[in-house]
Structures are given as structure tokens and as C-alpha cells.
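The structure under discussion appears below in the form of C-alpha cells.
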Amino acid sequence: MEPIWNSDFMQRIRKQAEQHKDLPEWQDEPPRRTAPSYDPAYVERLRSLEVDPDAARLALASSSKCPRIVGHPGSEAAAEAVEKFLADKTLRLLVLGGSTGRGKSVAATWLAMRLDATWWISAKDVRVGDAWDAMRSRALKAANLVVDDLGQERMEWASGELGSLIESRFDKGRRTLVTTNLLPTSSDRQKTFASTYGDRLYSRLCKQGAGLYVACLGNDLRRQK
């Protein structure tokens, strides 16, 4: 069996690290000239979930607390939210909302490393067909699910399917973390979480102690030098 350290997944992580040396320093991250000590179990889990290698590189950099940019409100909000989700077993639905580059996917990746029986879905990859039927069945049964980039579906059908999946999991007491660019609601006519996925799912998100929307604000981390 191929060693994890020489796998294509790890090579992609290293390539991402070389390409992003200009990223701001992350709190608790080892010095950039020192190779981080990755836990093989975490690496294997991330590889099986097919997460973004760049998010994986940042998530692997810190074991005790979710990585965050020092003093950056966007990434700090995401990090604090997933740490709360990890500690509070009664929280069934957590939505990290905000524009791109606020640390949402990094926080979701860090959490996925630490939760048992986790399955990962990228909303952009949902398609009609047998592949989705199998994915939905597995996602529905998983103890923990991450739905990344909700709102980026390529067709309206996929939005309905994902909304139904998240709603069903909530009603069955299974835990789901969602990242999205959508605001919860808005007085304008723009697309929002509530208008896209319906009042029933939004009501679950607002259920005290069980659902939570966290706004990740601040500047785009990907453009910050």
C-alpha cells in the first residue's frame, strides 16, 4: 500500500503550500520552514473525503484549535463556531455564511478531521443520476455531514435535493455543517438561505440550541498579503 506521505493527496498539499507562501501567518501554525508533523489518521481521513488540498494544508497545521488568522474577524468566527459544534453535541445544524476567503472551508475541513463517521459533499458536484442516489444514501446515514459551498449548485434540482437532505438529517437528529455564501435573510430581492431552501429548513436553522447561523465577515483571506 502506498505510504500516505508519498500519496498524490500529500503531493497536492505540498504544491499548494509552495504556491501560497504569501498567505498571512495562521495562529498556532508551525514555522513555515519546518515541515508540520501531520497525524497519519487525519491525513487518511481527509484524503478519503476528497477535500480541497489547500484547505487541508491549513487545517492540518493546528491540532488543538481550529486555525485562524490572528485578529481577522472572518476566520475567527468560523473557527470559534466549529469548536463550539465539536463540543456541543446538541447542536445539529451549523451554517457558516459569508463571502469567499473567510476561512469557512478551512474550518469545515478541520472539523471533518475530528468527527467520527463524517461524509463530505461539495454542492457544486451534485448531479442528476445514480451517483447522486448513492451519495445521498450515504450522506443521509452518516453521523456527521459537511455540505461545502451550498448555494453554488449548478441546477435548481440540486438545491431542492440538498435542502431536503439537510432537513431530513436534522429531523433524524444527525449533525450537519454547511458552508455557504448566502445570507440567512435579506430585505432585498437577492438570493438568500431562506428564499433558496425554504422556510421549513430555515426554521430549523433558527431553532434555539439546535441550529445556528454564524456570519464570517472581514476581508478576503485569499487576497490578504
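Residues are referred to by chain and number: the chain letter is A, B, ... according to the order shown in the C-alpha cells, the number counts from 1 in that chain, and ligands are numbered separately from 1 in the order shown.
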With a cut-off of 10 Å, could you pull out the residues of region 29-111 of chain A touching region 122-131 of chain A and give me the nearest pair of atoms for each, distance in Å to one decimal, using only C-alpha atoms, ordered by chain and ascending number, as a tab-separated table?
residue	atom	partner	partner_atom	distance
A:Glu50	CA	A:Ser122	CA	9.5
A:Val51	CA	A:Ser122	CA	8.7
A:Asp52	CA	A:Ser122	CA	10.0
Sorted per-residue table, region 72-120 of chain A near region 202-209 of chain A, closest atoms and distance, 9 Å, only C-alpha atoms, as a tab-separated table:
residue	atom	partner	partner_atom	distance
A:Thr90	CA	A:Gly209	CA	6.8
A:Leu91	CA	A:Gly209	CA	6.0
A:Arg92	CA	A:Gly209	CA	8.5
A:Leu93	CA	A:Leu205	CA	6.5
A:Leu94	CA	A:Leu205	CA	7.6
A:Val95	CA	A:Leu205	CA	7.9
Could you write out the selected residues, including N, CA and C atoms, as an mmCIF file, in the first residue's frame?
data_model
loop_
_atom_site.group_PDB
_atom_site.id
_atom_site.type_symbol
_atom_site.label_atom_id
_atom_site.label_comp_id
_atom_site.auth_asym_id
_atom_site.auth_seq_id
_atom_site.Cartn_x
_atom_site.Cartn_y
_atom_site.Cartn_z
ATOM 1 N N THR A 90 -25.519 18.816 21.235
ATOM 2 C CA THR A 90 -26.932 19.094 20.979
ATOM 3 C C THR A 90 -27.121 19.956 19.732
ATOM 4 N N LEU A 91 -26.046 20.584 19.241
ATOM 5 C CA LEU A 91 -26.132 21.426 18.054
ATOM 6 C C LEU A 91 -26.152 20.534 16.814
ATOM 7 N N ARG A 92 -27.284 20.542 16.105
ATOM 8 C CA ARG A 92 -27.471 19.630 14.978
ATOM 9 C C ARG A 92 -27.168 20.251 13.622
ATOM 10 N N LEU A 93 -27.298 21.571 13.516
ATOM 11 C CA LEU A 93 -27.081 22.235 12.229
ATOM 12 C C LEU A 93 -26.316 23.535 12.449
ATOM 13 N N LEU A 94 -25.143 23.620 11.848
ATOM 14 C CA LEU A 94 -24.334 24.835 11.904
ATOM 15 C C LEU A 94 -24.095 25.309 10.481
ATOM 16 N N VAL A 95 -24.417 26.566 10.203
ATOM 17 C CA VAL A 95 -24.179 27.161 8.892
ATOM 18 C C VAL A 95 -23.151 28.276 9.038
#
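Coordinates place CA of Leu201 (chain A) at a distance of 10.1 Å from CA of Asp171 (chain A).
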Could you give me, as a Markdown table, a per-residue list for region 48-101 of chain A showing, wherever an atom lies at most 9 Å from an atom of region 106-114 of chain A, the closest pair of atoms and their distance in Å to one decimal, using only C-alpha atoms and sorting by chain then residue number from low to high?
| residue | atom | partner | partner_atom | distance |
| --- | --- | --- | --- | --- |
| A:Leu49 | CA | A:Ala112 | CA | 8.6 |
| A:Val51 | CA | A:Thr109 | CA | 7.2 |
| A:Asp52 | CA | A:Thr109 | CA | 8.4 |
| A:Asp54 | CA | A:Val106 | CA | 8.3 |
| A:Ala55 | CA | A:Val106 | CA | 4.7 |
| A:Ala56 | CA | A:Thr109 | CA | 6.3 |
| A:Arg57 | CA | A:Val106 | CA | 8.7 |
| A:Leu58 | CA | A:Val106 | CA | 6.6 |
| A:Ala59 | CA | A:Trp110 | CA | 4.8 |
| A:Leu60 | CA | A:Trp110 | CA | 7.1 |
| A:Ser62 | CA | A:Trp110 | CA | 8.5 |
| A:Ser63 | CA | A:Trp110 | CA | 8.4 |
| A:Lys65 | CA | A:Trp110 | CA | 8.9 |
| A:Cys66 | CA | A:Trp110 | CA | 6.3 |
| A:Pro67 | CA | A:Ala107 | CA | 7.3 |
| A:Arg68 | CA | A:Ala107 | CA | 8.5 |
| A:Ser75 | CA | A:Ala107 | CA | 8.0 |
| A:Ala78 | CA | A:Ala107 | CA | 6.0 |
| A:Ala79 | CA | A:Ala107 | CA | 5.6 |
| A:Glu80 | CA | A:Ala107 | CA | 9.0 |
| A:Ala81 | CA | A:Ala107 | CA | 8.6 |
| A:Val82 | CA | A:Leu111 | CA | 6.3 |
| A:Glu83 | CA | A:Leu111 | CA | 7.7 |
| A:Phe85 | CA | A:Leu111 | CA | 8.5 |
| A:Leu86 | CA | A:Leu111 | CA | 7.2 |
| A:Leu96 | CA | A:Ala108 | CA | 8.8 |
* **All residues 9 Å or closer to region 144-158 of chain A, only C-alpha atoms, same chain fewer than 5 positions away omitted, as an MDAnalysis selection string** => chainID A and resid 104:105 108:109 112 115:128 139 163 166 169 174:182 191:193 196
* Output as a PyMOL selection string all residues of region 129-177 of chain A that backbone DSSP marks as alpha helix (DSSP H). => chain A and resi 130-141+156-171
* Asked: Could you state the separation of CA of Ala215 (chain A) and CA of Lys84 (chain A) in Å, given to one decimal place?
  ->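 Interatomic distance, CA of Ala215 (chain A) to CA of Lys84 (chain A): 14.5 Å.
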* Go ahead and compute the interatomic distance for CA of Met135 (chain A) and CA of Gly211 (chain A), in Å to one decimal. =>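 One can read the CA of Met135 (chain A) to CA of Gly211 (chain A) distance as 23.7 Å.
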